[in-house]
Amino acid sequence: MSWPYDSMQLKVMDDNMLKVAVGEQGPQEEAGRLAKQEDILFKDVLSLQLDFQNILHIDNLWQFENLQKLQLNNNIIERIEGLENLTHLVWLDLSFNNIEAIEGLDTLVNLEDLSLSNNRISKIDSLDALVKLQVLSLGNNQIGNIMNVIYLRQFTCLQTLSLAGNPIAEAEDYKMFIYAYLPDLVYLDFRHIDEQAAKVAKIKHQYNIDELKHREAQMQAQLEDEQGQREKLAEHKLAFIEHLDGSFLFESLYAEDMEGNKLSYLPGVGEFLEAYKDKFVIICLNIFEYGLKQQEKRKIELDTFNECMQEAILENQEQGKLKVAKFEERHLQCLNAIREETELSNIEKKLIECSDDINELFNMLMMLEMQLVEQLEETINMFERNITDLVGLFVENVQSLMAQCRDLENHHHEKVLETAINYLEKILKGEMDKDLPDDVRALFVDKDTIVNAVGASHDIHLLKIDNREDELVTGINSWCTHLVDKIHKDEIMRNRKRVKEITQYIGHMQSELDNLECGDIID
């Protein structure tokens with residue numbers, strides 16, 4: 001459905017419109033008057049009504065970060081946009097607008113009720129993020145393909161659906177199709193679905209539904225497999241050994257090596273290559289397995305460190321709480337004694353005693369904090385030594401294994417070069433007994449050409465090995481450096497926060513004592 005509009009009457013969703021809307025919908029009487037006198041905080045608004053406003057573009061809603069209900073119905077909106085920050089939205093009404101496509105809803109993961117009725121929508125899609133969707137109103141649109149309804153099978157919470165007024169609703173099998181393909185639906189077009197009708201529909205479409213379920217199961221299995229692979233890759237990246245659990249690195253040696261691929265056509269080189277690959281992959285697997293074990297050791301070391309830090313902090317906090325509790329008990333008694341005292345000299349004496357108690361508490365709490373700082377510093381330094389040693393050992397052993405890869409490459413290079421030169425000599429003697437592709441034959445012009453080709457292939461392989469080693473070593477060292485730096489910075493921030501807490505508490509106690517007027521007490 002299209003809603004005509006007069007450009008002279010268009011309204012812009014600016015701060016003024018939003019403030020007026022919030023003010024009109026806010027509390028009435030005295031509470032509302034006070035709210036209007038103060039600045040309106042959009043982030044505190046939970047519900048917003050903007051219907052019948054001649055709004056063409058959705059804008060300036062980013063401040064309503066906690067909004068749960070939004071009414072934008074009966075406007076002239078053409079696109080769903082500007083809702084990205086409304087992640088807490090539960091209820092959204094965009095009915096009676098000029099919207100042609102469903103879009104812009106990807107961040108609304110908490111949305112339960114969505115109304116898009118009386119628009120110009122022709123396809124149901126782009127709702128994937130709305131996993132909590134329970135009510136979907138799409139009546140009086142231009143949806144013409146009944147198969148499009150199958151898209152809604154993924155929404156397991158969907159109970160209410162409205163499609164009346166669309167071309168698909170005119171189909172003879174409309175209701176039976178929806179009953180069959182959306183079996184968890186409770187209401188269709190605002191009417192309760194009859195259980196018997198639903199059973200009949202299921203039987204009627206049983207064969208097609210079984211096929212669909214089979215395809216959905218296959219797709220789900222594929223998605224789970226892909227998700228599992230992504231999780232494994234993420235785990236391997238944490239250990240800095242991604243793509244070392246197979247032949248990936250070896251295959252990368254030849255991915256851009258044109259000369260090496262040509263030389264593989266020479267008699268005997270194929271056998272050399274297979275033997276080289278088998279040994280190379282074994283070394284990669286050794287690096288991979290070793291990397292996983294070392295990652296587990298680093299994790300245990302880090303977990304143990306965090307536990308020790310937390311235990312020390314909690315123990316220190318308990319000691320501080322006990323001292324504060326004892327102080328507050330004495331302090332309260334002291335204040336009561338001051339209030340009950342009538343002699344000015346005794347009052348002054350007790351005030352000094354209270355002040356001394358406050359200073360003593362300050363010194364005790366600061367002493368506790370100093371002790372904790374020393375304890376944590378020692379723990380951090382020990383952890384830094386341990387984690388650095390673990391990383392150093394890991395790097396040393398990986399470099400040793402990578403050196404074995406280079407040794408294999410050097411050995412393979414020597415054998416290929418020897419084979420190529422022997423083959424060149426046979427060509428020069430006219431003893432070539434095998435036809436070669438033209439681009440391979442072109443390498444055998446003279447000895448320099450073939451030596452350069454074999455050397456270029458060798459250089460590419462060594463560079464790939466060196467780059468992978470550098471990537472691993474740089475990655476693990478950078479991780480270690482950043483981790484230790486963060487731990488030191490976190491401890492500095494913790495110490496500053498604790499000192500501030502102590503200072504503020506002591507300041508409050510002293511201020512309370514200072515405000516105790518002797519004259520008031522005597523009176």
# chains A, B, ... in the order shown; residues from 1 in each chain; ligands from 1
$ residues_around --residues "Gly104 (chain A)" --least-positions-apart "6" --cutoff "9 Å" --atoms "only C-alpha atoms" --output "NGL selection string"
:A and (79-84 or 126)
$ residues_around --residues "Leu136 (chain A)" --least-positions-apart "4" --cutoff "12 Å" --atoms "only C-alpha atoms" --output "count of residues only"
32
$ residues_around --residues "His236 (chain A)" --least-positions-apart "4" --cutoff "12 Å" --atoms "only C-alpha atoms" --output "list in words"
Gln229, Arg230, Glu231, Lys232, Phe240, Ile241, Glu242, His243, Leu244, Asp245, Ile287, Phe288, Glu289, Tyr290, Gly291, Leu292, Lys293, Gln294, Gln295, Glu296 and Leu472 of chain A
$ residues_around --residues "Gly320 (chain A)" --least-positions-apart "4" --cutoff "7 Å" --atoms "only C-alpha atoms" --output "VMD selection string"
chain A and resid 316 324 365
$ closest_residue --among "A:Met17, A:Leu516, A:Leu263, A:Ile168" --to "Ala442 (chain A)" --atoms "only C-alpha atoms"
A:Leu263
$ atom_distance --atom1 "CA of Leu249 (chain A)" --atom2 "CA of His461 (chain A)"
9.9 Å
